[in-house]
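Structure data (mmCIF, C-alpha atoms) from target.cif:
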```
data_run
#
loop_
_atom_site.label_atom_id
_atom_site.label_comp_id
_atom_site.auth_asym_id
_atom_site.auth_seq_id
_atom_site.Cartn_x
_atom_site.Cartn_y
_atom_site.Cartn_z
CA ARG C 1 147.67 115.71 86.69
CA ILE C 2 148.53 117.60 83.45
CA THR C 3 149.13 121.27 84.16
CA SER C 4 151.30 122.60 81.31
CA PRO C 5 151.24 122.64 77.48
CA ARG C 6 154.44 120.60 77.42
CA GLN C 7 152.85 117.89 79.56
CA THR C 8 149.78 117.92 77.32
CA THR C 9 151.96 117.46 74.22
CA SER C 10 153.91 114.64 75.89
CA TYR C 11 150.69 112.95 76.94
CA ARG C 12 149.37 113.08 73.38
CA MET C 13 152.65 111.66 72.05
CA VAL C 14 152.45 108.76 74.53
CA ARG C 15 148.91 107.97 73.44
CA VAL C 16 149.87 108.03 69.76
CA ALA C 17 152.84 105.76 70.52
CA VAL C 18 150.60 103.30 72.36
CA VAL C 19 148.17 103.23 69.44
CA ALA C 20 150.99 102.67 66.94
CA ALA C 21 152.58 99.90 69.00
CA ALA C 22 149.27 98.18 69.53
CA LEU C 23 148.48 98.19 65.82
CA LEU C 24 151.81 96.70 64.74
CA PRO C 25 150.59 93.07 65.21
CA CYS C 26 147.74 93.97 62.85
CA ALA C 27 150.02 94.99 59.96
CA LEU C 28 148.52 92.42 57.64
CA ALA C 29 145.27 94.33 57.79
CA PHE C 30 147.01 97.41 56.33
CA THR C 31 148.37 95.96 53.10
CA ALA C 32 147.94 97.75 49.81
CA SER C 33 145.51 95.18 48.45
CA PRO C 34 141.94 96.56 48.39
CA ALA C 35 140.68 93.19 49.58
CA THR C 36 142.77 93.31 52.74
CA ARG C 37 143.38 97.01 53.30
CA LEU C 38 142.15 98.39 56.62
CA PRO C 39 141.44 102.10 56.09
CA MET C 40 141.57 104.32 59.12
CA GLN C 41 140.10 107.78 59.42
CA LEU C 42 141.62 110.13 61.90
CA ARG C 43 139.13 112.87 62.45
CA ALA C 44 139.09 115.88 64.72
CA SER C 45 136.31 116.12 67.23
CA SER C 46 135.08 118.55 69.78
CA ALA C 47 136.92 116.44 72.32
CA CYS C 48 140.19 117.09 70.48
CA SER C 49 139.77 120.82 70.79
CA ARG C 50 139.51 120.31 74.52
CA GLY C 51 142.82 118.46 74.60
CA SER C 52 141.59 114.85 74.77
CA GLY C 53 143.29 113.70 71.56
CA LEU C 54 142.24 112.06 68.30
CA VAL C 55 139.27 109.81 67.61
CA MET C 56 140.18 106.79 65.50
CA GLN C 57 137.44 105.05 63.52
CA GLN C 58 137.65 102.05 61.17
CA GLN C 59 135.97 102.47 57.77
CA ARG C 60 134.27 100.04 55.40
CA ASP C 61 135.13 99.85 51.70
CA ASN C 62 132.45 100.61 49.13
CA GLY C 63 130.79 97.43 47.92
CA GLU C 64 132.42 95.35 50.64
CA SER C 65 130.08 92.84 52.33
CA LYS C 66 129.73 92.61 56.07
CA ASP C 67 131.38 89.17 56.16
CA GLN C 68 134.38 90.42 54.19
CA TYR C 69 134.68 93.46 56.42
CA LYS C 70 134.56 91.37 59.61
CA ALA C 71 137.12 88.91 58.23
CA ARG C 72 139.44 91.81 57.34
CA LEU C 73 139.15 93.17 60.87
CA ALA C 74 139.81 89.83 62.58
CA ALA C 75 143.54 90.47 62.90
CA SER C 76 143.02 93.77 64.66
CA VAL C 77 140.15 92.84 66.98
CA PRO C 78 142.20 91.57 69.97
CA MET C 79 144.35 94.68 70.18
CA ALA C 80 141.38 96.91 69.48
CA ALA C 81 139.66 95.31 72.44
CA VAL C 82 142.59 96.23 74.66
CA LEU C 83 142.73 99.76 73.32
CA SER C 84 139.03 100.29 73.90
CA GLN C 85 139.69 99.92 77.62
CA ILE C 86 143.05 101.75 77.80
CA MET C 87 142.75 104.71 75.47
CA MET C 88 139.78 106.69 76.74
CA PRO C 89 139.64 109.17 73.82
CA VAL C 90 139.37 106.21 71.41
CA GLN C 91 136.77 104.44 73.52
CA ASP C 92 133.91 106.73 72.46
CA ALA C 93 134.22 105.47 68.89
CA MET C 94 134.45 101.82 69.87
CA ALA C 95 131.04 101.23 71.46
CA SER C 96 127.82 100.92 69.50
CA GLY C 97 126.08 102.93 72.19
CA GLY C 98 128.91 105.44 72.45
CA LYS C 99 130.88 105.32 75.67
CA TYR C 100 131.11 101.97 77.47
CA GLY C 101 133.42 100.04 75.17
CA LEU C 102 133.64 96.29 75.77
CA LEU C 103 131.10 96.57 78.59
CA GLU C 104 128.53 96.76 75.79
CA GLY C 105 129.96 93.67 74.08
CA LYS C 106 128.94 90.03 74.05
CA ALA C 107 131.59 88.90 76.56
CA ALA C 108 130.22 91.17 79.29
CA ALA C 109 126.64 90.32 78.35
CA MET C 110 127.31 86.58 78.69
CA MET C 111 128.64 86.88 82.24
CA HIS C 112 125.12 86.91 83.70
CA PRO C 113 123.64 83.87 81.94
CA VAL C 114 126.80 81.78 82.38
CA SER C 115 127.09 82.63 86.08
CA MET C 116 123.37 82.07 86.72
CA ILE C 117 123.15 78.65 85.09
CA THR C 118 126.23 77.72 87.13
CA LEU C 119 124.58 79.02 90.30
CA PHE C 120 121.41 77.06 89.49
CA PHE C 121 123.31 73.78 89.69
CA PHE C 122 125.31 75.09 92.64
CA THR C 123 121.98 75.73 94.39
CA LEU C 124 121.04 72.06 93.91
CA PHE C 125 124.40 71.00 95.34
CA THR C 126 124.06 73.37 98.31
CA GLY C 127 120.54 72.12 98.97
CA TYR C 128 121.80 68.52 98.92
CA GLN C 129 124.43 69.37 101.52
CA GLY C 130 121.82 71.08 103.69
CA LEU C 131 119.50 68.08 103.52
CA GLN C 132 122.37 65.78 104.47
CA TRP C 133 123.07 67.87 107.55
CA ARG C 134 119.36 67.87 108.40
CA THR C 135 119.41 64.08 108.12
CA VAL C 136 122.20 63.98 110.72
CA ARG C 137 119.95 65.89 113.14
CA THR C 138 116.81 63.88 112.41
CA LEU C 139 118.69 60.61 112.79
CA GLY C 140 119.85 61.80 116.19
CA ASP C 141 116.24 62.57 117.12
CA ASP C 142 115.14 59.12 115.94
CA LEU C 143 117.99 57.39 117.73
CA LYS C 144 117.30 58.79 121.18
CA PRO C 145 113.91 57.14 121.86
CA LEU C 146 115.11 53.83 120.41
CA SER C 147 118.19 53.88 122.64
CA ASP C 148 116.07 54.70 125.69
CA GLU C 149 113.67 51.86 124.92
CA LEU C 150 116.55 49.45 124.37
CA LYS C 151 118.12 50.39 127.70
CA SER C 152 114.84 49.92 129.55
CA LEU C 153 114.36 46.44 128.05
CA GLN C 154 117.93 45.46 128.83
CA ALA C 155 117.43 46.59 132.42
CA VAL C 156 114.64 44.10 132.95
CA ALA C 157 115.95 41.02 134.74
CA VAL C 158 115.62 37.79 132.81
CA PRO C 159 114.17 34.94 134.92
CA GLU C 160 116.45 31.98 135.51
CA GLY C 161 116.03 29.62 132.61
CA GLY C 162 114.07 32.22 130.65
CA SER C 163 114.97 33.86 127.36
CA PRO C 164 115.66 37.56 126.71
CA ASN C 165 112.93 39.68 125.22
CA PRO C 166 113.09 39.10 121.41
CA LYS C 167 112.43 42.81 120.87
CA ILE C 168 115.89 43.57 122.26
CA SER C 169 117.70 42.07 119.30
CA THR C 170 115.45 43.91 116.84
CA LEU C 171 115.97 47.24 118.57
CA GLN C 172 119.70 46.64 118.84
CA ALA C 173 119.98 46.03 115.10
CA GLU C 174 117.97 49.19 114.35
CA VAL C 175 120.05 51.28 116.75
CA ASP C 176 123.29 49.97 115.24
CA GLU C 177 122.10 50.75 111.70
CA ILE C 178 121.09 54.31 112.54
CA THR C 179 124.27 54.90 114.53
CA LEU C 180 126.46 53.73 111.64
CA LYS C 181 124.59 55.84 109.09
CA ARG C 182 124.76 58.91 111.31
CA LYS C 183 128.47 58.35 111.90
CA ASP C 184 129.14 58.25 108.15
CA LEU C 185 127.18 61.48 107.60
CA ILE C 186 129.00 63.25 110.43
CA ALA C 187 132.31 62.23 108.83
CA GLY C 188 131.16 64.04 105.68
CA ASP C 189 131.25 67.36 107.58
CA PHE C 190 128.08 68.51 105.80
CA LYS C 191 127.35 71.21 108.36
CA ASN C 192 130.47 73.25 107.57
CA LYS C 193 130.36 72.43 103.86
CA HIS C 194 126.76 73.61 103.61
CA PHE C 195 127.55 76.81 105.50
CA MET C 196 130.50 77.65 103.23
CA ALA C 197 128.62 76.77 100.05
CA ALA C 198 125.54 78.74 101.09
CA SER C 199 127.69 81.77 101.95
CA SER C 200 129.31 81.62 98.51
CA LEU C 201 125.91 81.20 96.87
CA LEU C 202 124.58 84.28 98.67
CA ALA C 203 127.57 86.44 97.71
CA LEU C 204 127.78 85.31 94.08
CA GLY C 205 124.02 85.22 93.57
CA VAL C 206 123.44 88.79 94.75
CA THR C 207 126.48 90.03 92.83
CA PHE C 208 125.54 88.53 89.48
CA SER C 209 121.83 89.27 89.79
CA ILE C 210 122.69 92.96 90.17
CA GLU C 211 125.32 92.64 87.43
CA GLY C 212 122.67 91.35 85.04
CA GLY C 213 120.51 94.44 85.46
CA CYS C 214 123.51 96.77 85.18
CA ASP C 215 124.70 95.05 82.00
CA THR C 216 121.25 95.34 80.40
CA TYR C 217 121.16 99.05 81.24
CA LEU C 218 124.64 99.62 79.80
CA ARG C 219 123.72 97.93 76.51
CA ALA C 220 120.12 99.11 76.11
CA GLY C 221 119.90 102.23 78.24
CA LYS C 222 116.92 100.80 80.13
CA LEU C 223 115.60 97.70 81.89
CA PHE C 224 112.84 95.47 80.57
CA PRO C 225 110.20 94.77 83.26
CA GLY C 226 108.85 91.27 82.89
CA PRO C 227 108.71 87.80 84.46
CA HIS C 228 112.46 87.22 84.25
CA LEU C 229 113.36 90.51 85.92
CA PHE C 230 110.74 90.21 88.66
CA ALA C 231 111.57 86.56 89.41
CA GLY C 232 115.26 87.45 89.63
CA ALA C 233 114.53 90.31 92.02
CA GLY C 234 112.39 87.97 94.12
CA ILE C 235 115.16 85.38 94.29
CA THR C 236 117.64 88.03 95.43
CA VAL C 237 115.31 89.14 98.22
CA LEU C 238 114.62 85.56 99.30
CA TRP C 239 118.36 84.83 99.47
CA ALA C 240 118.67 87.62 102.02
CA VAL C 241 115.62 86.44 103.99
CA ALA C 242 116.87 82.84 104.10
CA ALA C 243 120.28 84.01 105.31
CA SER C 244 118.68 86.15 108.04
CA LEU C 245 117.21 82.98 109.62
CA VAL C 246 120.61 81.38 110.22
CA PRO C 247 121.21 82.88 113.73
CA ARG C 248 117.88 81.47 114.98
CA MET C 249 118.60 78.13 113.29
CA GLN C 250 121.93 77.94 115.13
CA LYS C 251 120.02 78.30 118.40
CA GLY C 252 117.89 75.27 117.57
CA ASP C 253 114.72 77.03 116.39
CA ASP C 254 112.85 74.37 114.37
CA LEU C 255 110.44 76.94 112.94
CA ALA C 256 113.35 78.95 111.52
CA ARG C 257 114.81 75.77 110.05
CA SER C 258 111.52 74.86 108.40
CA MET C 259 111.15 78.39 107.02
CA HIS C 260 114.71 78.28 105.72
CA ILE C 261 114.02 75.07 103.83
CA ALA C 262 110.68 76.36 102.50
CA ILE C 263 112.21 79.64 101.28
CA ASN C 264 115.05 77.88 99.50
CA THR C 265 112.56 75.51 97.89
CA VAL C 266 110.72 78.54 96.51
CA ILE C 267 114.05 79.99 95.32
CA LEU C 268 114.85 76.77 93.48
CA GLY C 269 111.40 76.78 91.89
CA LEU C 270 111.76 80.39 90.71
CA PHE C 271 115.25 79.62 89.47
CA ALA C 272 113.98 76.70 87.38
CA TRP C 273 111.04 78.79 86.15
CA GLN C 274 113.49 81.46 84.95
CA VAL C 275 115.50 79.07 82.79
CA PRO C 276 113.27 79.22 79.64
CA THR C 277 113.09 83.03 79.63
CA GLY C 278 116.81 83.20 80.40
CA ILE C 279 117.62 81.00 77.42
CA GLU C 280 115.41 83.16 75.20
CA ILE C 281 117.18 86.33 76.31
CA THR C 282 120.60 84.71 75.93
CA LEU C 283 119.84 83.68 72.34
CA LYS C 284 118.89 87.27 71.53
CA VAL C 285 122.15 88.49 73.05
CA LEU C 286 124.15 85.98 71.02
CA GLU C 287 122.35 87.05 67.87
CA LYS C 288 122.36 90.83 68.23
CA THR C 289 125.31 91.73 70.45
CA PRO C 290 128.83 91.84 68.91
CA TRP C 291 131.95 90.71 70.71
CA VAL C 292 133.55 94.11 70.09
CA PRO C 293 130.98 96.93 69.76
CA VAL C 294 133.23 98.88 67.33
CA MET C 295 132.23 96.42 64.62
CA VAL C 296 128.57 97.33 64.83
CA ASP C 297 129.32 101.04 64.67
CA ALA C 298 131.77 100.70 61.81
CA VAL C 299 129.64 98.34 59.72
CA ALA C 300 126.66 100.65 60.09
CA LYS C 301 128.72 103.47 58.60
#
```

Any chance you could put this one into structure tokens?
Amino acid sequence: RITSPRQTTSYRMVRVAVVAAALLPCALAFTASPATRLPMQLRASSACSRGSGLVMQQQRDNGESKDQYKARLAASVPMAAVLSQIMMPVQDAMASGGKYGLLEGKAAAMMHPVSMITLFFFTLFTGYQGLQWRTVRTLGDDLKPLSDELKSLQAVAVPEGGSPNPKISTLQAEVDEITLKRKDLIAGDFKNKHFMAASSLLALGVTFSIEGGCDTYLRAGKLFPGPHLFAGAGITVLWAVAASLVPRMQKGDDLARSMHIAINTVILGLFAWQVPTGIEITLKVLEKTPWVPVMVDAVAK
């Protein structure tokens, strides 16, 4: 906590030193040549009068095209990105919207589409694991009556000189086949794998669905109600509902299991239905959102 004028002065000196050290790797952008010179304007602001320091803003040369300006800034962009998150007084001038810095940039905006397309395929994988575990249970249900029938036929005494019931060999082959298949599936440990994958899907899905809305609000100052937003909200709710059925499923409730499968089928359908609108939104982000928001603000001026 800064409580004295001396501490305030020292704090300002530290900030200026950090700025200077950070800009040293960008020295090529400050050469005397007009084609490569990177002018900087240090201007006082109302924030400065309140002791929050200087506001640094990059300027564009007269007659310089946008492509030339962006190329000239390329050397300074990485360090500017760091500064936009470290030096709070500078951050206000580095976001096109004003105050969120790189959170308004393309990197943050792309987190949602990249994570969601990954989760879409992860949903398919998780569903596959769940169906494999369901197959283990259904094979066990199919095996029991066949085994009982086989035992009853084998218990029947064969008359002397007679031949065993031909159905015994058929049933035995069927029982052996199901037993071997079930054994292989059990060795795959699909029950635990599905539980762990589904838990990760729930946590990551809810996190990045909320992150998508927050990112849109940070960049645009509002949300855009529409099919993509409503489908995403529905998927998030259905994730929670599907997870709430797990305790009853663990107790052997077949209705809960059927509902769980049905809900996740709806989730997968909504997920797939969202893909076209998600691609459309992503293309707009790639087109209109800069990697470092300071560029948009500086080019506009």

Hey, can you pull every residue with an atom no more than 12 Å from (118.8, 98.3, 89.0), using only C-alpha atoms, and send it as a list in words? Thr207, Phe208, Ser209, Ile210, Glu211, Gly212, Gly213, Cys214, Asp215, Thr216, Tyr217, Leu218, Gly221, Lys222, Leu223, Phe224, Pro225, Leu229, Phe230, Gly232 and Ala233 of chain C

Could you please determine the separation between CA of Thr282 (chain C) and CA of Leu201 (chain C) in Å, to one decimal place? 21.9 Å

Distance of CA of Ser200 (chain C) from CA of Trp133 (chain C), expressed in Å to one decimal place: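 One can read the CA of Trp133 (chain C) to CA of Ser200 (chain C) distance as 17.6 Å.
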
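CA of Leu150 (chain C) is found 6.2 Å from CA of Leu171 (chain C).
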
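Using all atoms listed in the file, the nearest neighbour of Phe125 (chain C) within the list C:His194, C:Arg257, C:His112, C:Lys66 is C:His194.
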
Using the chain letters and residue numbers of this document, give as a ChimeraX atom specification the residues selected by the PyMOL selection byres ((chain C and resi 130) around 9). /C:125-129,131-135,190-191,193-195,198,261

Any chance you can output those residues with C-alpha atoms as a short mmCIF file (atom, residue, chain, number, x, y, z; two decimals), in the coordinates of the input?
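To be explicit, this is the file written out as again_23.cif:
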```
data_model
loop_
_atom_site.label_atom_id
_atom_site.label_comp_id
_atom_site.auth_asym_id
_atom_site.auth_seq_id
_atom_site.Cartn_x
_atom_site.Cartn_y
_atom_site.Cartn_z
CA PHE C 125 124.40 71.00 95.34
CA THR C 126 124.06 73.37 98.31
CA GLY C 127 120.54 72.12 98.97
CA TYR C 128 121.80 68.52 98.92
CA GLN C 129 124.43 69.37 101.52
CA LEU C 131 119.50 68.08 103.52
CA GLN C 132 122.37 65.78 104.47
CA TRP C 133 123.07 67.87 107.55
CA ARG C 134 119.36 67.87 108.40
CA THR C 135 119.41 64.08 108.12
CA PHE C 190 128.08 68.51 105.80
CA LYS C 191 127.35 71.21 108.36
CA LYS C 193 130.36 72.43 103.86
CA HIS C 194 126.76 73.61 103.61
CA PHE C 195 127.55 76.81 105.50
CA ALA C 198 125.54 78.74 101.09
CA ILE C 261 114.02 75.07 103.83
#
```

Do you know which residues the PyMOL selection byres ((chain C and resi 290) around 6) returns on this file, as an mmCIF file with C-alpha atoms, keeping the file's coordinate frame?
```
data_model
loop_
_atom_site.group_PDB
_atom_site.id
_atom_site.type_symbol
_atom_site.label_atom_id
_atom_site.label_comp_id
_atom_site.auth_asym_id
_atom_site.auth_seq_id
_atom_site.Cartn_x
_atom_site.Cartn_y
_atom_site.Cartn_z
ATOM 1 C CA GLY C 105 129.960 93.670 74.080
ATOM 2 C CA LYS C 106 128.940 90.030 74.050
ATOM 3 C CA THR C 289 125.310 91.730 70.450
ATOM 4 C CA TRP C 291 131.950 90.710 70.710
ATOM 5 C CA VAL C 292 133.550 94.110 70.090
ATOM 6 C CA PRO C 293 130.980 96.930 69.760
#
```

Please report, as JSON, the centre and edge lengths in Å to one decimal of an axis-aligned box covering all listed atoms of region 150-158 of chain C with 5 Å per side.
```
{"center_x": 116.2, "center_y": 44.1, "center_z": 129.6, "size_x": 13.8, "size_y": 22.6, "size_z": 20.4}
```

Considering all atoms listed in the file, state which residue in the set C:Val206, C:Ala262, C:Ala256, C:Val237 is at the smallest distance from Ser115 (chain C). C:Val206

Would you list the contacts of Pro227 (chain C) as an MDAnalysis selection string, taking every protein, DNA or RNA residue within 10 Å and counting all atoms listed in the file, but skipping same-chain residues closer than 6 positions in sequence? chainID C and resid 233 273:274 277

Using only C-alpha atoms, which of the listed residues (C:Val275, C:Val241, C:Leu283, C:Glu64) sits closest to Thr118 (chain C)? C:Val275
